[in-house]
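> See upload_38.csv below, with CSV, C-alpha atoms.
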chain,number,residue,atom,x,y,z
A,1136,MET,CA,-62.0,-59.7,-71.3
A,1137,HIS,CA,-59.7,-58.2,-74.0
A,1138,THR,CA,-61.1,-54.7,-73.4
A,1139,LEU,CA,-58.9,-54.4,-70.3
A,1140,LEU,CA,-55.8,-55.5,-72.2
A,1141,ARG,CA,-56.5,-53.0,-75.0
A,1142,LYS,CA,-57.1,-50.2,-72.5
A,1143,HIS,CA,-53.8,-51.1,-70.8
A,1144,LEU,CA,-51.8,-51.2,-74.0
A,1145,GLU,CA,-53.4,-47.9,-75.2
A,1146,GLU,CA,-52.2,-46.1,-72.1
A,1147,LEU,CA,-48.8,-46.1,-73.9
A,1148,ILE,CA,-49.3,-46.9,-77.6
A,1149,GLU,CA,-52.0,-46.4,-80.2
A,1150,LEU,CA,-53.2,-49.5,-82.0
A,1151,THR,CA,-55.5,-50.1,-84.9
A,1152,ASP,CA,-58.3,-52.7,-84.5
A,1153,ALA,CA,-56.3,-55.2,-86.6
A,1154,GLU,CA,-53.1,-54.7,-84.7
A,1155,PHE,CA,-54.9,-55.2,-81.4
A,1156,GLU,CA,-56.7,-58.3,-82.6
A,1157,TYR,CA,-53.4,-59.7,-83.8
A,1158,ILE,CA,-51.7,-59.0,-80.4
A,1159,ALA,CA,-54.7,-60.3,-78.4
A,1160,SER,CA,-54.8,-63.6,-80.4
A,1161,HIS,CA,-51.6,-64.6,-78.7
A,1162,PHE,CA,-53.1,-64.4,-75.2
A,1163,GLN,CA,-55.2,-67.0,-73.5
A,1164,LEU,CA,-57.6,-66.7,-70.5
A,1165,LYS,CA,-57.0,-68.7,-67.3
A,1166,ARG,CA,-58.9,-68.6,-64.0
A,1167,PHE,CA,-57.4,-69.7,-60.7
A,1168,LYS,CA,-58.9,-70.1,-57.3
A,1169,LYS,CA,-57.5,-68.3,-54.2
A,1170,HIS,CA,-54.4,-70.2,-52.9
A,1171,ALA,CA,-53.6,-71.7,-56.3
A,1172,ILE,CA,-49.9,-71.6,-57.1
A,1173,LEU,CA,-49.0,-70.4,-60.6
A,1174,ILE,CA,-45.2,-70.7,-60.5
A,1175,GLN,CA,-43.0,-72.5,-58.0
A,1176,PRO,CA,-39.2,-72.7,-57.5
A,1177,GLY,CA,-37.4,-75.2,-59.8
A,1178,GLU,CA,-40.0,-75.0,-62.6
A,1179,LEU,CA,-39.3,-73.8,-66.1
A,1180,VAL,CA,-41.1,-70.5,-66.6
A,1181,THR,CA,-42.5,-70.3,-70.1
A,1182,HIS,CA,-45.3,-67.8,-69.6
A,1183,GLU,CA,-46.1,-64.4,-68.1
A,1184,TYR,CA,-49.5,-63.3,-66.9
A,1185,PHE,CA,-51.5,-60.1,-67.3
A,1186,VAL,CA,-54.0,-59.7,-64.4
A,1187,LEU,CA,-57.6,-59.0,-65.3
A,1188,LYS,CA,-59.0,-59.6,-61.9
A,1189,GLY,CA,-57.7,-60.6,-58.4
A,1190,LEU,CA,-54.4,-60.4,-56.5
A,1191,LEU,CA,-51.3,-62.4,-56.4
A,1192,LYS,CA,-48.0,-62.4,-54.6
A,1193,THR,CA,-44.5,-63.3,-55.8
A,1194,SER,CA,-42.2,-64.3,-53.0
A,1195,ALA,CA,-39.1,-66.2,-52.0
A,1196,THR,CA,-38.1,-68.0,-48.8
A,1197,ASP,CA,-34.6,-67.4,-47.5
A,1198,ASP,CA,-32.3,-69.9,-45.8
A,1199,ASP,CA,-33.9,-69.2,-42.4
A,1200,GLY,CA,-37.3,-70.1,-43.8
A,1201,LYS,CA,-38.5,-66.4,-43.8
A,1202,GLU,CA,-40.7,-65.3,-46.6
A,1203,HIS,CA,-39.9,-62.1,-48.5
A,1204,ILE,CA,-42.3,-60.6,-51.0
A,1205,LEU,CA,-40.9,-59.3,-54.2
A,1206,GLN,CA,-44.1,-58.2,-55.8
A,1207,PHE,CA,-47.8,-58.0,-55.4
A,1208,SER,CA,-49.8,-58.2,-58.7
A,1209,MET,CA,-53.3,-56.9,-59.2
A,1210,GLU,CA,-55.5,-55.7,-62.1
A,1211,ASN,CA,-53.4,-54.3,-65.0
A,1212,TRP,CA,-50.3,-55.8,-63.6
A,1213,TRP,CA,-47.9,-58.2,-65.3
A,1214,VAL,CA,-46.4,-61.1,-63.3
A,1215,SER,CA,-44.0,-63.9,-63.9
A,1216,ASP,CA,-40.7,-65.1,-62.5
A,1217,TYR,CA,-39.0,-62.7,-64.9
A,1218,GLN,CA,-35.5,-64.0,-64.2
A,1219,ALA,CA,-36.5,-67.4,-65.4
A,1220,PHE,CA,-38.9,-66.1,-68.1
A,1221,MET,CA,-36.3,-63.9,-69.7
A,1222,THR,CA,-33.4,-66.2,-69.5
A,1223,GLY,CA,-35.1,-69.6,-70.0
A,1224,GLY,CA,-33.9,-70.7,-66.5
A,1225,ARG,CA,-35.8,-72.1,-63.6
A,1226,ALA,CA,-38.0,-70.2,-61.2
A,1227,THR,CA,-36.5,-69.2,-57.8
A,1228,SER,CA,-39.7,-67.6,-56.6
A,1229,THR,CA,-43.3,-68.6,-55.9
A,1230,THR,CA,-46.3,-66.8,-57.4
A,1231,GLN,CA,-49.6,-67.6,-55.6
A,1232,CYS,CA,-53.1,-66.3,-55.8
A,1233,LEU,CA,-54.3,-64.3,-52.8
A,1234,GLU,CA,-57.8,-64.0,-54.3
A,1235,ASP,CA,-59.6,-65.8,-57.1
A,1236,VAL,CA,-57.9,-64.5,-60.2
A,1237,GLU,CA,-58.5,-64.1,-64.0
A,1238,LEU,CA,-55.4,-63.8,-66.1
A,1239,LEU,CA,-54.4,-63.5,-69.7
A,1240,TYR,CA,-51.2,-65.5,-70.3
A,1241,LEU,CA,-48.6,-65.0,-73.0
A,1242,SER,CA,-45.7,-67.3,-73.8
A,1243,ALA,CA,-42.1,-66.1,-73.8
A,1244,ARG,CA,-41.9,-67.1,-77.4
A,1245,ASP,CA,-44.9,-65.0,-78.3
A,1246,ARG,CA,-43.7,-62.0,-76.3
A,1247,HIS,CA,-40.4,-62.2,-78.3
A,1248,LYS,CA,-42.3,-62.6,-81.6
A,1249,LEU,CA,-44.7,-59.8,-81.0
A,1250,CYS,CA,-41.9,-57.5,-80.0
A,1251,ALA,CA,-40.0,-58.4,-83.2
A,1252,GLU,CA,-43.1,-58.1,-85.4
A,1253,ILE,CA,-44.7,-55.0,-84.0
A,1254,HIS,CA,-42.4,-52.1,-83.1
A,1255,LYS,CA,-45.1,-50.4,-81.1
A,1256,PHE,CA,-45.4,-53.5,-78.9
A,1257,GLU,CA,-41.7,-53.5,-78.3
A,1258,HIS,CA,-42.0,-49.8,-77.4
A,1259,PHE,CA,-44.7,-50.6,-74.9
A,1260,SER,CA,-42.6,-53.4,-73.4
A,1261,ARG,CA,-39.6,-51.1,-73.1
A,1262,LEU,CA,-41.6,-48.5,-71.3
A,1263,LYS,CA,-43.2,-51.0,-68.9
A,1264,VAL,CA,-39.9,-52.6,-67.9
A,1265,THR,CA,-38.4,-49.1,-67.5
A,1266,SER,CA,-41.1,-48.2,-65.0
A,1267,GLY,CA,-40.4,-51.5,-63.2
A,1268,PHE,CA,-36.7,-50.6,-63.2
A,1269,LEU,CA,-37.3,-47.2,-61.8
A,1270,HIS,CA,-39.6,-48.5,-59.1
A,1271,LEU,CA,-36.9,-51.1,-58.0
A,1272,GLN,CA,-34.3,-48.3,-57.9
A,1273,ARG,CA,-36.5,-46.4,-55.4
A,1274,ARG,CA,-37.0,-49.6,-53.4
A,1275,VAL,CA,-33.3,-50.3,-53.2
A,1276,MET,CA,-32.6,-46.8,-52.0
A,1277,ALA,CA,-35.3,-47.1,-49.4
A,1278,LEU,CA,-33.9,-50.5,-48.3
A,1279,LEU,CA,-30.3,-49.2,-48.1
A,1280,SER,CA,-31.5,-46.1,-46.1
A,1281,ASN,CA,-33.2,-48.5,-43.8
A,1282,ASP,CA,-36.2,-46.2,-44.3
A,1283,ALA,CA,-39.3,-48.4,-43.6
A,1284,GLN,CA,-41.6,-45.3,-43.7
A,1285,SER,CA,-40.6,-44.6,-47.3
A,1286,ARG,CA,-41.0,-48.2,-48.3
A,1287,TYR,CA,-44.5,-48.1,-46.7
A,1288,ARG,CA,-45.3,-44.9,-48.6
A,1289,GLN,CA,-44.0,-46.3,-51.9
A,1290,LEU,CA,-46.1,-49.4,-51.5
A,1291,LEU,CA,-49.2,-47.3,-50.8
A,1292,GLU,CA,-48.6,-45.2,-53.9
A,1293,GLN,CA,-48.0,-48.2,-56.1
A,1294,TYR,CA,-50.9,-50.3,-54.9
A,1295,PRO,CA,-53.5,-48.0,-53.4
A,1296,SER,CA,-56.1,-50.7,-52.8
A,1297,LEU,CA,-53.7,-53.3,-51.4
A,1298,PHE,CA,-54.1,-52.4,-47.8
A,1299,GLN,CA,-57.8,-53.5,-47.8
A,1300,ARG,CA,-57.0,-56.7,-49.6
A,1301,VAL,CA,-54.0,-58.4,-47.8
A,1302,PRO,CA,-53.2,-59.3,-44.2
A,1303,LYS,CA,-50.7,-57.0,-42.5
A,1304,SER,CA,-48.1,-59.9,-42.2
A,1305,LEU,CA,-47.7,-59.8,-46.0
A,1306,ILE,CA,-47.3,-56.0,-46.0
A,1307,ALA,CA,-44.6,-56.5,-43.5
A,1308,ALA,CA,-42.9,-59.2,-45.6
A,1309,TYR,CA,-42.9,-56.8,-48.6
A,1310,ILE,CA,-41.5,-53.8,-46.6
A,1311,GLY,CA,-39.0,-56.0,-44.8
A,1312,VAL,CA,-39.9,-55.2,-41.2
A,1313,SER,CA,-41.5,-57.1,-38.4
A,1314,ARG,CA,-45.3,-56.9,-37.7
A,1315,GLU,CA,-44.5,-54.8,-34.6
A,1316,THR,CA,-42.5,-52.3,-36.6
A,1317,LEU,CA,-45.2,-52.1,-39.2
A,1318,SER,CA,-47.9,-51.3,-36.7
A,1319,ARG,CA,-45.8,-48.4,-35.4
A,1320,LEU,CA,-45.4,-47.1,-39.0
A,1321,HIS,CA,-49.0,-46.8,-40.0
A,1322,VAL,CA,-50.9,-46.1,-36.8
B,507,MET,CA,-13.9,-44.2,-79.7
B,508,HIS,CA,-17.1,-45.4,-81.5
B,509,THR,CA,-15.7,-48.9,-81.9
B,510,LEU,CA,-16.5,-49.6,-78.3
B,511,LEU,CA,-20.1,-48.4,-78.7
B,512,ARG,CA,-20.5,-50.5,-81.9
B,513,LYS,CA,-19.2,-53.6,-80.1
B,514,HIS,CA,-21.5,-53.0,-77.2
B,515,LEU,CA,-24.6,-52.6,-79.4
B,516,GLU,CA,-23.7,-55.6,-81.5
B,517,GLU,CA,-23.6,-57.8,-78.4
B,518,LEU,CA,-27.4,-57.7,-78.8
B,519,ILE,CA,-28.3,-56.4,-82.3
B,520,GLU,CA,-26.8,-56.5,-85.7
B,521,LEU,CA,-26.3,-53.2,-87.5
B,522,THR,CA,-25.3,-52.2,-91.0
B,523,ASP,CA,-22.5,-49.6,-91.2
B,524,ALA,CA,-25.0,-47.0,-92.2
B,525,GLU,CA,-27.3,-47.8,-89.3
B,526,PHE,CA,-24.4,-47.7,-86.9
B,527,GLU,CA,-23.1,-44.4,-88.3
B,528,TYR,CA,-26.5,-42.9,-88.0
B,529,ILE,CA,-26.9,-44.0,-84.4
B,530,ALA,CA,-23.3,-42.9,-83.5
B,531,SER,CA,-23.9,-39.4,-85.0
B,532,HIS,CA,-26.3,-38.7,-82.0
B,533,PHE,CA,-23.5,-39.3,-79.4
B,534,GLN,CA,-20.8,-36.9,-78.3
B,535,LEU,CA,-17.6,-37.4,-76.5
B,536,LYS,CA,-16.8,-35.9,-73.2
B,537,ARG,CA,-13.9,-36.3,-70.8
B,538,PHE,CA,-14.0,-35.6,-67.1
B,539,LYS,CA,-11.3,-35.6,-64.4
B,540,LYS,CA,-11.4,-37.8,-61.3
B,541,HIS,CA,-13.8,-36.2,-58.7
B,542,ALA,CA,-15.8,-34.3,-61.3
B,543,ILE,CA,-19.5,-34.3,-60.8
B,544,LEU,CA,-21.8,-35.1,-63.8
B,545,ILE,CA,-25.2,-35.0,-62.1
B,546,GLN,CA,-26.3,-33.5,-58.8
B,547,PRO,CA,-29.6,-33.4,-56.9
B,548,GLY,CA,-32.0,-30.8,-58.1
B,549,GLU,CA,-30.7,-30.5,-61.7
B,550,LEU,CA,-32.7,-31.4,-64.8
B,551,VAL,CA,-31.2,-34.5,-66.3
B,552,THR,CA,-31.3,-34.3,-70.1
B,553,HIS,CA,-28.5,-36.8,-70.9
B,554,GLU,CA,-27.4,-40.3,-70.3
B,555,TYR,CA,-23.8,-41.5,-70.6
B,556,PHE,CA,-22.1,-44.5,-72.1
B,557,VAL,CA,-18.8,-45.2,-70.3
B,558,LEU,CA,-15.8,-45.7,-72.7
B,559,LYS,CA,-13.2,-45.5,-69.9
B,560,GLY,CA,-13.1,-45.0,-66.2
B,561,LEU,CA,-15.3,-45.5,-63.2
B,562,LEU,CA,-18.2,-43.5,-61.7
B,563,LYS,CA,-20.6,-43.9,-58.8
B,564,THR,CA,-24.2,-42.9,-58.5
B,565,SER,CA,-25.3,-42.3,-54.9
B,566,ALA,CA,-27.8,-40.5,-52.6
B,567,THR,CA,-27.4,-39.2,-49.1
B,568,ASP,CA,-30.1,-40.1,-46.6
B,569,ASP,CA,-31.6,-37.8,-44.0
B,570,ASP,CA,-28.9,-38.9,-41.5
B,571,GLY,CA,-26.2,-37.8,-43.9
B,572,LYS,CA,-25.2,-41.3,-44.8
B,573,GLU,CA,-24.2,-42.1,-48.4
B,574,HIS,CA,-25.8,-45.0,-50.2
B,575,ILE,CA,-24.5,-46.2,-53.6
B,576,LEU,CA,-27.1,-47.1,-56.2
B,577,GLN,CA,-24.7,-48.0,-59.0
B,578,PHE,CA,-21.1,-48.1,-60.0
B,579,SER,CA,-20.5,-47.5,-63.7
B,580,MET,CA,-17.5,-48.6,-65.7
B,581,GLU,CA,-16.5,-49.4,-69.3
B,582,ASN,CA,-19.6,-50.5,-71.4
B,583,TRP,CA,-22.0,-49.3,-68.7
B,584,TRP,CA,-24.8,-46.7,-69.1
B,585,VAL,CA,-25.3,-44.1,-66.4
B,586,SER,CA,-27.7,-41.3,-65.6
B,587,ASP,CA,-30.2,-40.4,-63.0
B,588,TYR,CA,-32.8,-42.5,-64.8
B,589,GLN,CA,-35.7,-41.4,-62.7
B,590,ALA,CA,-35.1,-37.8,-63.8
B,591,PHE,CA,-33.9,-38.7,-67.3
B,592,MET,CA,-37.0,-40.8,-68.2
B,593,THR,CA,-39.6,-38.6,-66.6
B,594,GLY,CA,-38.1,-35.1,-67.3
B,595,GLY,CA,-37.9,-34.5,-63.5
B,596,ARG,CA,-35.0,-33.4,-61.4
B,597,ALA,CA,-32.1,-35.5,-60.1
B,598,THR,CA,-32.3,-37.0,-56.7
B,599,SER,CA,-28.8,-38.6,-56.9
B,600,THR,CA,-25.2,-37.6,-57.5
B,601,THR,CA,-23.0,-39.1,-60.2
B,602,GLN,CA,-19.4,-38.5,-59.7
B,603,CYS,CA,-16.2,-39.7,-61.4
B,604,LEU,CA,-14.0,-42.0,-59.2
B,605,GLU,CA,-11.3,-42.0,-62.0
B,606,ASP,CA,-10.6,-39.9,-65.1
B,607,VAL,CA,-13.4,-40.9,-67.5
B,608,GLU,CA,-14.3,-40.8,-71.1
B,609,LEU,CA,-18.0,-40.9,-72.0
B,610,LEU,CA,-20.3,-40.8,-75.0
B,611,TYR,CA,-23.4,-38.8,-74.1
B,612,LEU,CA,-26.9,-39.0,-75.6
B,613,SER,CA,-29.8,-36.7,-75.0
B,614,ALA,CA,-33.2,-38.0,-73.7
B,615,ARG,CA,-34.7,-36.6,-76.9
B,616,ASP,CA,-32.3,-38.5,-79.1
B,617,ARG,CA,-32.7,-41.8,-77.1
B,618,HIS,CA,-36.5,-41.4,-77.8
B,619,LYS,CA,-36.0,-40.5,-81.4
B,620,LEU,CA,-33.5,-43.4,-82.1
B,621,CYS,CA,-35.9,-45.8,-80.4
B,622,ALA,CA,-38.8,-44.6,-82.6
B,623,GLU,CA,-36.8,-44.6,-85.8
B,624,ILE,CA,-34.9,-47.8,-85.5
B,625,HIS,CA,-36.7,-50.8,-84.2
B,626,LYS,CA,-33.5,-52.6,-83.5
B,627,PHE,CA,-32.3,-49.8,-81.2
B,628,GLU,CA,-35.5,-50.0,-79.3
B,629,HIS,CA,-35.0,-53.8,-79.0
B,630,PHE,CA,-31.5,-53.2,-77.7
B,631,SER,CA,-32.8,-50.6,-75.2
B,632,ARG,CA,-35.5,-53.0,-74.0
B,633,LEU,CA,-33.1,-55.8,-73.4
B,634,LYS,CA,-30.6,-53.5,-71.6
B,635,VAL,CA,-33.3,-52.1,-69.2
B,636,THR,CA,-34.6,-55.7,-68.7
B,637,SER,CA,-31.2,-56.8,-67.5
B,638,GLY,CA,-31.1,-53.8,-65.2
B,639,PHE,CA,-34.5,-54.7,-63.9
B,640,LEU,CA,-33.5,-58.3,-63.2
B,641,HIS,CA,-30.4,-57.2,-61.4
B,642,LEU,CA,-32.4,-54.9,-59.1
B,643,GLN,CA,-34.8,-57.7,-58.4
B,644,ARG,CA,-31.9,-59.9,-57.1
B,645,ARG,CA,-30.6,-57.0,-55.1
B,646,VAL,CA,-34.0,-56.3,-53.5
B,647,MET,CA,-34.3,-60.0,-52.5
B,648,ALA,CA,-30.8,-60.0,-51.1
B,649,LEU,CA,-31.5,-56.8,-49.1
B,650,LEU,CA,-34.8,-58.2,-47.8
B,651,SER,CA,-33.1,-61.4,-46.8
B,652,ASN,CA,-30.5,-59.3,-45.0
B,653,ASP,CA,-28.0,-61.4,-46.8
B,654,ALA,CA,-24.9,-59.3,-47.1
B,655,GLN,CA,-22.8,-62.2,-48.4
B,656,SER,CA,-25.1,-62.6,-51.5
B,657,ARG,CA,-25.0,-58.8,-52.1
B,658,TYR,CA,-21.2,-59.0,-52.0
B,659,ARG,CA,-21.2,-62.0,-54.4
B,660,GLN,CA,-23.6,-60.2,-56.8
B,661,LEU,CA,-21.4,-57.1,-56.8
B,662,LEU,CA,-18.3,-59.2,-57.6
B,663,GLU,CA,-20.2,-60.9,-60.5
B,664,GLN,CA,-21.5,-57.7,-61.9
B,665,TYR,CA,-18.2,-55.7,-61.6
B,666,PRO,CA,-15.3,-58.2,-61.4
B,667,SER,CA,-12.6,-55.5,-61.6
B,668,LEU,CA,-14.3,-53.1,-59.1
B,669,PHE,CA,-12.6,-54.4,-56.1
B,670,GLN,CA,-9.2,-53.3,-57.3
B,671,ARG,CA,-10.5,-49.9,-58.2
B,672,VAL,CA,-12.5,-48.5,-55.3
B,673,PRO,CA,-11.9,-48.1,-51.6
B,674,LYS,CA,-13.7,-50.6,-49.3
B,675,SER,CA,-15.8,-47.8,-47.8
B,676,LEU,CA,-17.6,-47.5,-51.1
B,677,ILE,CA,-18.1,-51.2,-51.5
B,678,ALA,CA,-19.7,-51.1,-48.0
B,679,ALA,CA,-22.0,-48.2,-49.0
B,680,TYR,CA,-23.2,-50.3,-52.0
B,681,ILE,CA,-23.8,-53.4,-50.1
B,682,GLY,CA,-25.4,-51.6,-47.2
B,683,VAL,CA,-23.2,-52.7,-44.4
B,684,SER,CA,-20.6,-51.1,-42.1
B,685,ARG,CA,-16.8,-51.3,-43.0
B,686,GLU,CA,-16.5,-53.8,-40.1
B,687,THR,CA,-19.1,-56.1,-41.4
B,688,LEU,CA,-17.6,-55.9,-44.9
B,689,SER,CA,-14.2,-57.0,-43.7
B,690,ARG,CA,-15.7,-60.0,-42.0
B,691,LEU,CA,-17.4,-60.9,-45.3
B,692,HIS,CA,-14.5,-61.1,-47.6
B,693,VAL,CA,-11.6,-62.1,-45.5
If you convert what's in this file into structure tokens, what do you get?


Amino acid sequence: MHTLLRKHLEELIELTDAEFEYIASHFQLKRFKKHAILIQPGELVTHEYFVLKGLLKTSATDDDGKEHILQFSMENWWVSDYQAFMTGGRATSTTQCLEDVELLYLSARDRHKLCAEIHKFEHFSRLKVTSGFLHLQRRVMALLSNDAQSRYRQLLEQYPSLFQRVPKSLIAAYIGVSRETLSRLHV
Amino acid sequence: MHTLLRKHLEELIELTDAEFEYIASHFQLKRFKKHAILIQPGELVTHEYFVLKGLLKTSATDDDGKEHILQFSMENWWVSDYQAFMTGGRATSTTQCLEDVELLYLSARDRHKLCAEIHKFEHFSRLKVTSGFLHLQRRVMALLSNDAQSRYRQLLEQYPSLFQRVPKSLIAAYIGVSRETLSRLHV
């Protein structure tokens, strides 16, 4: 199971066997069934998850009861309620399994410790969060431009296999359009 | 001028005098007049800027000619076209001075070098980009929820002095509403 994590880390940094073994020793494996909820609003969020297998969604429900999807997470993706994970606060979003999933989880304390102990791991973490930041900038611009076609294209680029794996209602909740608008976009 | 930079870095990391002097030696001072353009679409973006004084906006114009504001930058803020800066690509946004500004600028190569040489500087950079990431997540959720009031409140929290410094049309272009909707929000 740790082969996938090593491959993922080594896309950005080189590690010796000893370094990788040390990093990997801080992760633990967990399996969840489809529909299981990993994080829910109000909880303290002490862990983040690296997805080995399966698909999850992170979403929040607005005052009108409408669900908005912040992120889908699949193989090689990291997921948590990062606002709560990074600040020690409580979750405002829900992370739920859309398929059976296998995850490696890491505590906030160990993320912090590994970053402090291993410069390369902090470098990896910086590059990862930077690419998340850049992706969100593009998403904000596409939302401000009211450009649903761009948001649809961005989603396709980011998660090529997603469209075979989730119902269209969830795609619409990510893009921020109605089901009807969505079907006009990708027909 | 470097006192402000030191204070800013030391909000997150502790530095010896020698470490700070070394870091600071990679920055150079630049002054621009109100209305000057620092970055424009199509240019290579080799630098980022730390704002000592003044206010800038980073924006993009959509296909309908409408301007959308991605970011305001004021004292203690970092600004660039980060998509281009991080990837070596060309700018898709415009960064323009809304007041006379004083900046310290750093090249992409030196950002990379300082992160590689000084673990604490990489740590600082990771925390900074993480807080940008978390801010954008909140902005995406507020855009998806079509909750202009939240976006207005977030903007106030992030830039308390902004509202005295920019015309309301620019506030509206950041929030993604018309001038008319904006005046209904904050009256």

> Wanna dump the chain A-chain B contacts at 7 Å for me, each residue with its shortest atom pair and the distance in Å to one decimal, counting only C-alpha atoms, ordered by chain and number, as a tab-separated table?


residue	atom	partner	partner_atom	distance
A:Asp1197	CA	B:Ser651	CA	6.2
A:His1203	CA	B:Leu650	CA	6.5
A:Leu1205	CA	B:Met647	CA	6.9
A:Gln1218	CA	B:Leu640	CA	6.1
A:His1254	CA	B:His625	CA	5.9
A:Glu1257	CA	B:His629	CA	6.7
A:His1258	CA	B:Glu628	CA	6.8
A:Arg1261	CA	B:Arg632	CA	4.6
A:Val1264	CA	B:Thr636	CA	6.2
A:Thr1265	CA	B:Val635	CA	6.2
A:Gly1267	CA	B:Phe639	CA	6.7
A:Phe1268	CA	B:Phe639	CA	4.7
A:Leu1269	CA	B:Gln589	CA	6.1
A:Leu1271	CA	B:Leu642	CA	6.0
A:Gln1272	CA	B:Leu642	CA	7.0
A:Val1275	CA	B:Val646	CA	6.0
A:Met1276	CA	B:Leu576	CA	6.9
A:Leu1278	CA	B:Leu649	CA	6.8
A:Leu1279	CA	B:Gly682	CA	5.5
A:Ser1280	CA	B:Asp568	CA	6.2
A:Gly1311	CA	B:Leu650	CA	5.6

> Leaving out range 1142-1145 of chain A and any residue of its chain fewer than 2 positions from it, which residues lie within 12 Å of it when counting only C-alpha atoms, given as a VMD selection string?

chain A and resid 1136 to 1140 1147 to 1152 1154 to 1155 1158 to 1159 1185 to 1187 1210 to 1213 1255 to 1260 1262 to 1263

> What does the distance between CA of Phe1220 in chain A and CA of Pro666 in chain B come to in Å, to one decimal place?

25.8 Å

> Looking at B:Arg690, B:Arg659, B:Lys563, B:Arg596, which one is nearest to Leu676 in chain B, with distances taken over all atoms listed in the file?

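Checking each of B:Arg690, B:Arg659, B:Lys563, B:Arg596 against Leu676 in chain B, counting all atoms listed in the file, the winner is B:Lys563.
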
> Around the point (-19.4, -34.0, -62.9), in the coordinates given by the file, pick out the residues reaching within 10 Å, counting only C-alpha atoms, and return them as a list of chain:residue names.

B:Arg537, B:Phe538, B:Lys539, B:Lys540, B:His541, B:Ala542, B:Ile543, B:Leu544, B:Ile545, B:Gln546, B:Leu562, B:Thr600, B:Thr601, B:Gln602, B:Cys603

> Could you take the residues named above and write them with C-alpha atoms, as a PDB file, keeping the file's coordinate frame?


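Written output follows (again.pdb):
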ATOM      1  CA  ARG B 537     -13.900 -36.300 -70.800  1.00  0.00           C
ATOM      2  CA  PHE B 538     -14.000 -35.600 -67.100  1.00  0.00           C
ATOM      3  CA  LYS B 539     -11.300 -35.600 -64.400  1.00  0.00           C
ATOM      4  CA  LYS B 540     -11.400 -37.800 -61.300  1.00  0.00           C
ATOM      5  CA  HIS B 541     -13.800 -36.200 -58.700  1.00  0.00           C
ATOM      6  CA  ALA B 542     -15.800 -34.300 -61.300  1.00  0.00           C
ATOM      7  CA  ILE B 543     -19.500 -34.300 -60.800  1.00  0.00           C
ATOM      8  CA  LEU B 544     -21.800 -35.100 -63.800  1.00  0.00           C
ATOM      9  CA  ILE B 545     -25.200 -35.000 -62.100  1.00  0.00           C
ATOM     10  CA  GLN B 546     -26.300 -33.500 -58.800  1.00  0.00           C
ATOM     11  CA  LEU B 562     -18.200 -43.500 -61.700  1.00  0.00           C
ATOM     12  CA  THR B 600     -25.200 -37.600 -57.500  1.00  0.00           C
ATOM     13  CA  THR B 601     -23.000 -39.100 -60.200  1.00  0.00           C
ATOM     14  CA  GLN B 602     -19.400 -38.500 -59.700  1.00  0.00           C
ATOM     15  CA  CYS B 603     -16.200 -39.700 -61.400  1.00  0.00           C
TER      16      CYS B 603
END

> Quick one: distance from CA of Phe533 in chain B to CA of Gly594 in chain B in Å, one decimal?

19.4 Å

> Rounded to one decimal place, report the CA of His553 in chain B-CA of Leu535 in chain B distance in Å.

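Pair CA of His553 in chain B / CA of Leu535 in chain B returns 12.3 Å.
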
> Could you name the residues that touch Pro547 in chain B at 6 Å or less, counting all atoms listed in the file, but leaving out those on the same chain fewer than 5 positions away, as a list in words?

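Residues near the query, excluding close chain neighbours: Ala597, Thr598 and Ser599 of chain B.
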
> Restricting the calculation to all atoms listed in the file, which member of B:Ser579, B:Gln534, B:Gln660, B:Ser586 is positioned closest to Lys559 in chain B?

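So, comparing all the options, the nearest one is B:Ser579.
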
> Find the spatial neighbours of Lys1165 in chain A, counting only C-alpha atoms, within a cut-off of 10 Å - ignore same-chain residues fewer than 6 positions away - and output them as a list in words.

Tyr1184, Val1186, Leu1187, Val1236, Glu1237, Leu1238, Leu1239 and Tyr1240 of chain A
